[in-house]
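Q: Please read through the structure below; I'll follow up with questions.
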Amino acid sequence: MNNLFKKKYFLILIQFFTLISFVFLIYVSIGITTKDPAFAKILRNTNLANLIVWSYWWPLIIAISILFGRFWCSICPMELVVFIGSKIGLKNKPNKFLKSHWLITLFYFLILIVGIHTFQIHRIPQLMAIYLIFLFIFAFVSSLIWEKRTFCTYICPIGHLLGFYSLISLKKLSVKDKNICEKCNVKDCINKKNDYKLIGRSCTSEIYPAKMKNGKDCILCGQCHKSCKKDNIIIKNKNRSNYLFSR
């Protein structure tokens, strides 16, 4: 696992694959709709796109978060979209309102009350597709306004929820030797000159791996694996000193 994270294009290629997969799910969902509540329940359990998103993907990413932390965020296509937008955008710093997580609370309200209970986006494929399109557009527009990974850190409701699940996960990102970090002069993992590199970015969640207490805010993007010239970043067991996976 650690060796895979160090591979230059491994996670980006998977992000591209998941992006294509979501585009495909959106495409095959357009035009499939109904105003009959009874038939909507049938669509919920028979339409392939609905089943993939609500019956398989959503429970799976929760299970993965409990086992490995926010691994879904490693391969989430939103992170790729946000990177592209932030690289060409205005790069404004997030304000106090964003950092308060009230926008995430509003997002939860809209998804649960308006999206699911009112419009039944979890049952009607076309409405689910519209929701996914809106999410991609919102992620890209917000990245044009705010710097780095503001959407992933302060706006995305999915990532925030997975962050809480990751608190009980078996694994976490850490460093092999904190003394190496203390002696490092360049600290590429948090150096602002690396903020917008495609490969080997500094942590755009503004986390210093050597002082990270838990993995709640770490999206396991793998960039610090590549930026660290000392090869000092590791994913390991939370309760044991051994490496997560043998090399």
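Here's how to read the names in the structure tokens: chain A, B, ... by the order shown, residue numbers from 1 in each chain, ligand numbers from 1 in the order shown.
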Name the residues in contact with segment 97-105 of chain A at a cut-off of 12 Å, using only C-alpha atoms, excluding same-chain residues fewer than 6 positions from it; report them as an MDAnalysis selection string.

A: chainID A and resid 111:113 142 146 150:161 205

Q: For Ile12 of chain A, list every protein, DNA or RNA residue within 12 Å, evaluated using only C-alpha atoms, and leave out those in the same chain fewer than 3 positions away; present the list as a list in words.

A: Leu4, Phe5, Lys6, Lys7, Lys8, Tyr9, Gln15, Phe16, Phe17, Thr18, Leu19, Cys73, Ser74, Ile75, Cys76, Pro77, Met78, Glu79, Leu80, Val81, Phe83, Leu198, Ile199, Gly200, Cys221, Gly222 and Gln223 of chain A

Q: Could you take the residues named above and write them with C-alpha atoms, as a PDB file, in the first residue's frame?

A:
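Resulting contents of part.pdb:
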```
ATOM      1  CA  LEU A   4       1.542   2.180  -4.302  1.00  0.00           C
ATOM      2  CA  PHE A   5       1.040   5.597  -2.712  1.00  0.00           C
ATOM      3  CA  LYS A   6       4.595   6.503  -3.686  1.00  0.00           C
ATOM      4  CA  LYS A   7       4.049   5.642  -7.336  1.00  0.00           C
ATOM      5  CA  LYS A   8       3.940   8.876  -9.292  1.00  0.00           C
ATOM      6  CA  TYR A   9       0.637   8.538 -11.142  1.00  0.00           C
ATOM      7  CA  GLN A  15      -9.137   9.361  -9.734  1.00  0.00           C
ATOM      8  CA  PHE A  16      -9.460   9.669 -13.502  1.00  0.00           C
ATOM      9  CA  PHE A  17     -11.086   6.223 -13.633  1.00  0.00           C
ATOM     10  CA  THR A  18     -13.596   7.123 -10.891  1.00  0.00           C
ATOM     11  CA  LEU A  19     -14.341  10.407 -12.698  1.00  0.00           C
ATOM     12  CA  CYS A  73     -10.888  10.671  -0.595  1.00  0.00           C
ATOM     13  CA  SER A  74      -7.636   9.309  -2.086  1.00  0.00           C
ATOM     14  CA  ILE A  75      -9.437   8.289  -5.257  1.00  0.00           C
ATOM     15  CA  CYS A  76     -12.400  10.695  -5.205  1.00  0.00           C
ATOM     16  CA  PRO A  77     -12.763  12.485  -8.579  1.00  0.00           C
ATOM     17  CA  MET A  78     -13.822  15.662  -6.750  1.00  0.00           C
ATOM     18  CA  GLU A  79     -10.272  16.092  -5.447  1.00  0.00           C
ATOM     19  CA  LEU A  80      -8.960  16.046  -9.012  1.00  0.00           C
ATOM     20  CA  VAL A  81     -11.601  18.562 -10.130  1.00  0.00           C
ATOM     21  CA  PHE A  83      -7.096  20.692  -7.859  1.00  0.00           C
ATOM     22  CA  LEU A 198       0.399  17.983  -9.764  1.00  0.00           C
ATOM     23  CA  ILE A 199       2.717  15.465  -8.101  1.00  0.00           C
ATOM     24  CA  GLY A 200       4.368  15.945  -4.695  1.00  0.00           C
ATOM     25  CA  CYS A 221      -4.211  12.014  -1.051  1.00  0.00           C
ATOM     26  CA  GLY A 222      -0.745  10.453  -1.110  1.00  0.00           C
ATOM     27  CA  GLN A 223       0.958  13.713  -2.024  1.00  0.00           C
TER      28      GLN A 223
END
```

Q: Could you name the residues that touch segment 178-184 of chain A at 9 Å or less, counting only C-alpha atoms, but leaving out those on the same chain fewer than 2 positions away, as an NGL selection string?

A: :A and (175-176 or 186-188 or 209-211 or 230 or 232)

Q: Please produce a file of the residues just selected, as an mmCIF file, in the first residue's frame, where the atoms kept are C-alpha atoms.

A:
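In the end it all went to again-v7.cif:
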```cif
data_model
loop_
_atom_site.group_PDB
_atom_site.id
_atom_site.type_symbol
_atom_site.label_atom_id
_atom_site.label_comp_id
_atom_site.auth_asym_id
_atom_site.auth_seq_id
_atom_site.Cartn_x
_atom_site.Cartn_y
_atom_site.Cartn_z
ATOM 1 C CA VAL A 175 5.871 9.326 9.979
ATOM 2 C CA LYS A 176 8.522 6.676 10.524
ATOM 3 C CA VAL A 186 12.938 22.044 3.426
ATOM 4 C CA LYS A 187 9.799 20.353 4.803
ATOM 5 C CA ASP A 188 8.373 19.819 1.328
ATOM 6 C CA PRO A 209 2.371 14.709 9.250
ATOM 7 C CA ALA A 210 4.836 14.668 12.159
ATOM 8 C CA LYS A 211 2.281 16.349 14.447
ATOM 9 C CA LYS A 230 13.411 11.523 3.193
ATOM 10 C CA ASN A 232 9.575 9.255 6.009
#
```

Q: When you count only C-alpha atoms, which of these residues is closest to Asp231 of chain A: A:Ser174, A:Lys197, A:Phe164, A:Glu206?

A: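 So, comparing all the options, the nearest one is A:Ser174.
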
Q: Apply DSSP to the structure's backbone, then extract all residues of segment 27-245 of chain A labelled helix (DSSP H, G or I) and return them as a ChimeraX atom specification.

A: /A:27-29,37-46,48-68,71-75,77-88,96-99,102-118,125-145,150-155,157-166,178-183,192-194,209-211,223-227

Q: Rounded to one decimal in Å, what is the spacing between atom CA of Tyr165 of chain A and atom CA of Ile62 of chain A?

A: 7.1 Å

Q: Taking the chain letters and numbering used in this document, name the residues of segment 59-245 of chain A that DSSP puts in strand (DSSP E or B), as a list in words.

A: Asn92, Trp146, Lys171, Lys172, Leu173, Ser174, Val175, Ile233, Ile234, Ile235, Lys236, Asn237 and Tyr243 of chain A

Q: Find the spatial neighbours of His122 of chain A, counting only C-alpha atoms, within a cut-off of 9 Å - ignore same-chain residues fewer than 3 positions away - and output them as a VMD selection string.

A: chain A and resid 44 50 53 to 54 115 to 116 119 125 127 to 128

Q: If I take atom CA of Arg70 of chain A and atom CA of Lys226 of chain A, how far is one from the other in Å, to one decimal?

A: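 The value is 18.2 Å.
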
Q: Tell me which protein, DNA and RNA residues are within 12 Å of Lys172 of chain A, counting only C-alpha atoms, leaving out same-chain ones fewer than 4 positions away, and put them as a PyMOL selection string.

A: chain A and resi 2+65-71+163+166-168+209+212-220+233-244

Q: Let me see the file: selected residues, C-alpha atoms, as a short mmCIF file (atom, residue, chain, number, x, y, z; two decimals), in the first residue's frame.

A:
```
data_model
loop_
_atom_site.label_atom_id
_atom_site.label_comp_id
_atom_site.auth_asym_id
_atom_site.auth_seq_id
_atom_site.Cartn_x
_atom_site.Cartn_y
_atom_site.Cartn_z
CA ASN A 2 2.73 2.47 0.94
CA SER A 65 -13.19 4.48 6.26
CA ILE A 66 -13.60 2.35 9.36
CA LEU A 67 -10.85 -0.01 8.21
CA PHE A 68 -8.38 2.29 6.45
CA GLY A 69 -9.41 5.90 7.16
CA ARG A 70 -10.48 8.32 4.45
CA PHE A 71 -9.21 6.17 1.60
CA GLY A 163 -13.53 11.91 8.79
CA SER A 166 -11.91 7.38 10.29
CA LEU A 167 -11.44 8.19 13.98
CA ILE A 168 -12.19 4.53 14.73
CA PRO A 209 2.37 14.71 9.25
CA MET A 212 -0.95 14.82 13.18
CA LYS A 213 -2.96 13.49 16.13
CA ASN A 214 -5.57 11.55 14.18
CA GLY A 215 -6.63 10.97 10.58
CA LYS A 216 -9.94 12.84 10.69
CA ASP A 217 -8.81 15.69 8.44
CA CYS A 218 -6.26 13.76 6.37
CA ILE A 219 -7.76 12.71 3.04
CA LEU A 220 -4.91 10.30 2.27
CA ILE A 233 5.80 9.04 5.40
CA ILE A 234 4.05 5.79 6.27
CA ILE A 235 0.54 4.37 6.62
CA LYS A 236 0.57 2.15 9.65
CA ASN A 237 -1.50 0.47 12.31
CA LYS A 238 -2.88 2.81 14.94
CA ASN A 239 -2.17 0.49 17.81
CA ARG A 240 1.06 -1.11 16.64
CA SER A 241 4.40 0.25 15.54
CA ASN A 242 4.73 -2.11 12.59
CA TYR A 243 4.02 -0.96 9.06
CA LEU A 244 0.56 -1.38 7.66
#
```

Q: I need the residue nearest Ile30 of chain A from this list: A:Leu135, A:Leu13, A:Ala129, A:Ile52. Use only C-alpha atoms for the distance.

A: A:Ala129

Q: May I ask which of the residues A:Leu25, A:Leu43, A:Ile20, A:Cys189 is the closest one to Lys229 of chain A, counting only C-alpha atoms?

A: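 Of the candidates, the smallest distance to Lys229 of chain A is held by A:Cys189.
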
Q: Here is a test: counting only C-alpha atoms, which residue of A:Trp72, A:Phe109, A:Phe39, A:Phe24 is nearest to Arg123 of chain A?

A: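 Of A:Trp72, A:Phe109, A:Phe39, A:Phe24, the one nearest Arg123 of chain A, counting only C-alpha atoms, is A:Phe39.
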
Q: Tell me which protein, DNA and RNA residues are within 7 Å of Gly89 of chain A, counting only C-alpha atoms, leaving out same-chain ones fewer than 2 positions away, and put them as a list in words.

A: Gly85, Ser86, Lys87, Lys91, Ser143, Leu144 and Ile145 of chain A

Q: Quote the spacing between atom CA of Thr204 of chain A and atom CA of Asn92 of chain A in Å to one decimal place.

A: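 Distance between the two atoms: 13.5 Å.
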